[in-house]
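Student: Can you keep this structure in mind? I'll have questions shortly.
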Amino acid sequence: MTELFLHVVNLSISAIWLILAVLLARVVMRRAPKWAHVLLWGLVGIRLVCPISLESIWSLIPSAQTISPTLLTDSTPTVQTGFPTLNQSINPALSQAAAATPDATPNLLEIWLPTLASLWVLGMVVWMGYAAVGYLHLRRSLSNAVEVEDHIFQSPAAHVPFVLGLFHPNIYLPHSMDPDTLSHVIAHEQAHLKRRDHWWKALGFLLLCIHWFNPLVWVAYGTFCRDVELACDEAVVKHLDHQA
């Protein structure tokens, strides 16, 4: 479990550089099509699960494996951040924490790493459980929804339009929708279905649950969801312009 935890930490650390690069690229590419921003977040998603990368001081990922998965068994545990000055600051303290104790009791690394690994698993269970409970509660509250069109429902429990479901998704609308904007709202939600956004958001949330300890992953997920909405708006407006 500890080795798996360190592997995930390494992926999370390497993704930090790419997340920062994408946030900067969004500013530089602010006039670019919004779908391009979504594609950039796709690269971050791949980085969060892919263990293979090129490492260089000039690359976006100075070190692909900052922490060795065998940190506990290494005779001299070290980290390789890709920045020599930073390594020289961290590694002496790390060696001291891993130093053998005279009474054969576990050293600090042997105590803290399994504890942190357990907290990581607990955090994943909590966030996945939170999502599951929220989904079931929402499903229950939509039990009185009325189907107005094929796969389009209205319900008093729907305060905003949204898509619910992975394998058999439906569109849910509030009862008090302005008739003048209803067709545009439906077109927006149908565009989400066509682009499989409900799948991509679910996959993004799964990655968030795995890397819940990384604040920048939370920033990335929130910005990704916003970019998905903007890209969908852009696609609907473009379609309406073609029809005009």
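Convention: chains lettered A, B, ... in structure tokens order; per-chain residue numbering from 1; ligands numbered from 1 as shown.
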Using only C-alpha atoms, what does the table of stretch 197-242 of chain A residues within 12 Å of stretch 164-167 of chain A look like, with each row giving the shortest atom pair and its distance in Å to one decimal, sorted by chain and ascending number, as JSON lines?
Tutor:
{"residue": "A:Asp197", "atom": "CA", "partner": "A:Leu166", "partner_atom": "CA", "distance": 9.9}
{"residue": "A:His198", "atom": "CA", "partner": "A:Leu166", "partner_atom": "CA", "distance": 6.6}
{"residue": "A:Trp199", "atom": "CA", "partner": "A:Leu166", "partner_atom": "CA", "distance": 6.5}
{"residue": "A:Trp200", "atom": "CA", "partner": "A:Leu166", "partner_atom": "CA", "distance": 10.2}
{"residue": "A:Lys201", "atom": "CA", "partner": "A:Leu166", "partner_atom": "CA", "distance": 10.4}
{"residue": "A:Ala202", "atom": "CA", "partner": "A:Leu166", "partner_atom": "CA", "distance": 8.4}
{"residue": "A:Leu203", "atom": "CA", "partner": "A:Leu166", "partner_atom": "CA", "distance": 10.8}
Student: What does the distance from atom CA of A:Ser141 to atom CA of A:Ala157 come to in Å, to one decimal?
Tutor: 6.1 Å
Student: Which residues are near A:Met128? Cut-off 10 Å, only C-alpha atoms, ignore same chain within fewer than 5 positions. Put them as number ranges by chain.
Tutor: A: 122-123, 133-134, 205-206, 208-210
Student: For the residues in the current selection, export all heavy atoms as a CSV table (one decimal), in the first residue's frame.
Tutor:
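Saved the output as selection.csv:
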chain,number,residue,atom,x,y,z
A,122,LEU,N,-8.4,6.4,3.0
A,122,LEU,CA,-9.6,6.9,3.7
A,122,LEU,C,-10.2,8.0,3.0
A,122,LEU,O,-11.4,8.1,2.8
A,122,LEU,CB,-9.2,7.3,5.1
A,122,LEU,CG,-10.4,7.8,6.0
A,122,LEU,CD1,-11.5,6.8,6.1
A,122,LEU,CD2,-9.8,8.3,7.4
A,123,GLY,N,-9.3,8.9,2.5
A,123,GLY,CA,-9.8,10.1,1.8
A,123,GLY,C,-10.5,9.7,0.5
A,123,GLY,O,-11.6,10.2,0.1
A,133,VAL,N,-23.5,8.7,-2.3
A,133,VAL,CA,-24.7,9.1,-1.5
A,133,VAL,C,-25.4,10.3,-2.2
A,133,VAL,O,-26.7,10.3,-2.3
A,133,VAL,CB,-24.3,9.5,-0.1
A,133,VAL,CG1,-25.4,10.1,0.7
A,133,VAL,CG2,-23.8,8.2,0.6
A,134,GLY,N,-24.7,11.3,-2.7
A,134,GLY,CA,-25.3,12.4,-3.4
A,134,GLY,C,-26.0,12.0,-4.6
A,134,GLY,O,-27.1,12.5,-4.9
A,205,PHE,N,-13.7,13.5,-11.9
A,205,PHE,CA,-14.0,13.4,-10.5
A,205,PHE,C,-13.3,12.2,-9.9
A,205,PHE,O,-12.8,12.2,-8.8
A,205,PHE,CB,-15.5,13.3,-10.2
A,205,PHE,CG,-15.8,13.3,-8.8
A,205,PHE,CD1,-15.8,14.5,-8.1
A,205,PHE,CD2,-16.1,12.1,-8.1
A,205,PHE,CE1,-16.1,14.5,-6.7
A,205,PHE,CE2,-16.4,12.1,-6.8
A,205,PHE,CZ,-16.4,13.3,-6.0
A,206,LEU,N,-13.2,11.1,-10.7
A,206,LEU,CA,-12.5,9.9,-10.2
A,206,LEU,C,-11.0,10.2,-10.0
A,206,LEU,O,-10.5,9.8,-8.9
A,206,LEU,CB,-12.7,8.7,-11.2
A,206,LEU,CG,-11.9,7.4,-10.9
A,206,LEU,CD1,-12.4,6.9,-9.6
A,206,LEU,CD2,-12.1,6.4,-12.0
A,208,LEU,N,-9.9,13.1,-9.3
A,208,LEU,CA,-9.9,14.0,-8.2
A,208,LEU,C,-9.9,13.2,-6.9
A,208,LEU,O,-9.2,13.5,-5.9
A,208,LEU,CB,-11.0,15.0,-8.2
A,208,LEU,CG,-11.2,15.9,-7.1
A,208,LEU,CD1,-10.0,16.9,-7.0
A,208,LEU,CD2,-12.5,16.7,-7.2
A,209,CYS,N,-10.7,12.1,-6.8
A,209,CYS,CA,-10.8,11.3,-5.6
A,209,CYS,C,-9.4,10.6,-5.4
A,209,CYS,O,-9.0,10.5,-4.2
A,209,CYS,CB,-11.8,10.2,-5.8
A,209,CYS,SG,-13.5,10.9,-5.8
A,210,ILE,N,-8.7,10.2,-6.4
A,210,ILE,CA,-7.4,9.6,-6.2
A,210,ILE,C,-6.4,10.6,-5.8
A,210,ILE,O,-5.5,10.3,-4.9
A,210,ILE,CB,-7.0,8.9,-7.6
A,210,ILE,CG1,-7.9,7.8,-7.9
A,210,ILE,CG2,-5.5,8.4,-7.4
A,210,ILE,CD1,-7.7,7.2,-9.3
Student: Kindly indicate which residue among A:Leu6, A:Ala191, A:Ala158, A:Val27 lies nearest to A:Ser176, using only C-alpha atoms for the distances.
Tutor: A:Ala158
Student: Counting only C-alpha atoms, which residue out of A:Ser183, A:Val44, A:Arg196, A:Pro169 sits closest to A:Ile13?
Tutor: A:Val44
Student: Taking the DSSP assignment computed from this structure's backbone, write out as a PyMOL selection string all residues of stretch 95-241 of chain A that belong to alpha helix (DSSP H).
Tutor: chain A and resi 95-97+108-141+179-194+197-210+215-241
Student: Using only C-alpha atoms, which of the listed residues (A:Ile171, A:Leu48, A:Ala131, A:Leu136) sits closest to A:Ile16?
Tutor: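 Checking each candidate against A:Ile16, we get A:Leu48 as the closest.
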Student: Near A:Thr2, counting only C-alpha atoms, which residues have an atom at most 8 Å away, once you skip same-chain residues fewer than 4 positions from it, shown as a short mmCIF file (atom, residue, chain, number, x, y, z; two decimals) with N, CA, C and O atoms, in the first residue's frame?
Tutor:
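File written: result25.cif
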data_model
loop_
_atom_site.label_atom_id
_atom_site.label_comp_id
_atom_site.auth_asym_id
_atom_site.auth_seq_id
_atom_site.Cartn_x
_atom_site.Cartn_y
_atom_site.Cartn_z
N LEU A 6 3.09 6.09 -2.73
CA LEU A 6 4.22 6.89 -3.22
C LEU A 6 4.17 7.03 -4.73
O LEU A 6 4.54 8.08 -5.27
N PRO A 69 9.65 4.61 -4.95
CA PRO A 69 8.65 3.72 -4.33
C PRO A 69 9.26 2.81 -3.26
O PRO A 69 8.55 2.27 -2.43
N LEU A 113 4.92 7.08 6.83
CA LEU A 113 4.51 6.69 5.49
C LEU A 113 3.30 5.76 5.48
O LEU A 113 2.33 5.99 4.74
N PRO A 114 3.27 4.69 6.29
CA PRO A 114 2.05 3.86 6.33
C PRO A 114 0.83 4.63 6.83
O PRO A 114 -0.30 4.40 6.37
N ALA A 117 -0.36 6.73 3.95
CA ALA A 117 -0.99 5.86 2.96
C ALA A 117 -2.41 5.49 3.39
O ALA A 117 -3.34 5.46 2.57
#
Student: Which one of A:Leu24, A:Leu207, A:Ile111, A:Leu193 sits closest to A:Gly45 if you count only C-alpha atoms?
Tutor: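 Smallest separation from A:Gly45 among the options: A:Leu207.
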Student: Please measure the separation of atom CA of A:Ala220 and atom CA of A:Tyr130, giving the value in Å to one decimal.
Tutor: 19.9 Å
Student: Could you list, as number ranges by chain, every residue within 12 Å of A:Lys194, counting only C-alpha atoms and ignoring same-chain residues fewer than 6 positions away?
Tutor: A: 163, 169, 187-188, 200, 232, 235-236
Student: For atom CA of A:Val228 and atom CA of A:Phe213, determine how far apart the two atoms are, in Å to one decimal place.
Tutor: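 So the two atoms, atom CA of A:Val228 and atom CA of A:Phe213, lie 23.6 Å apart.
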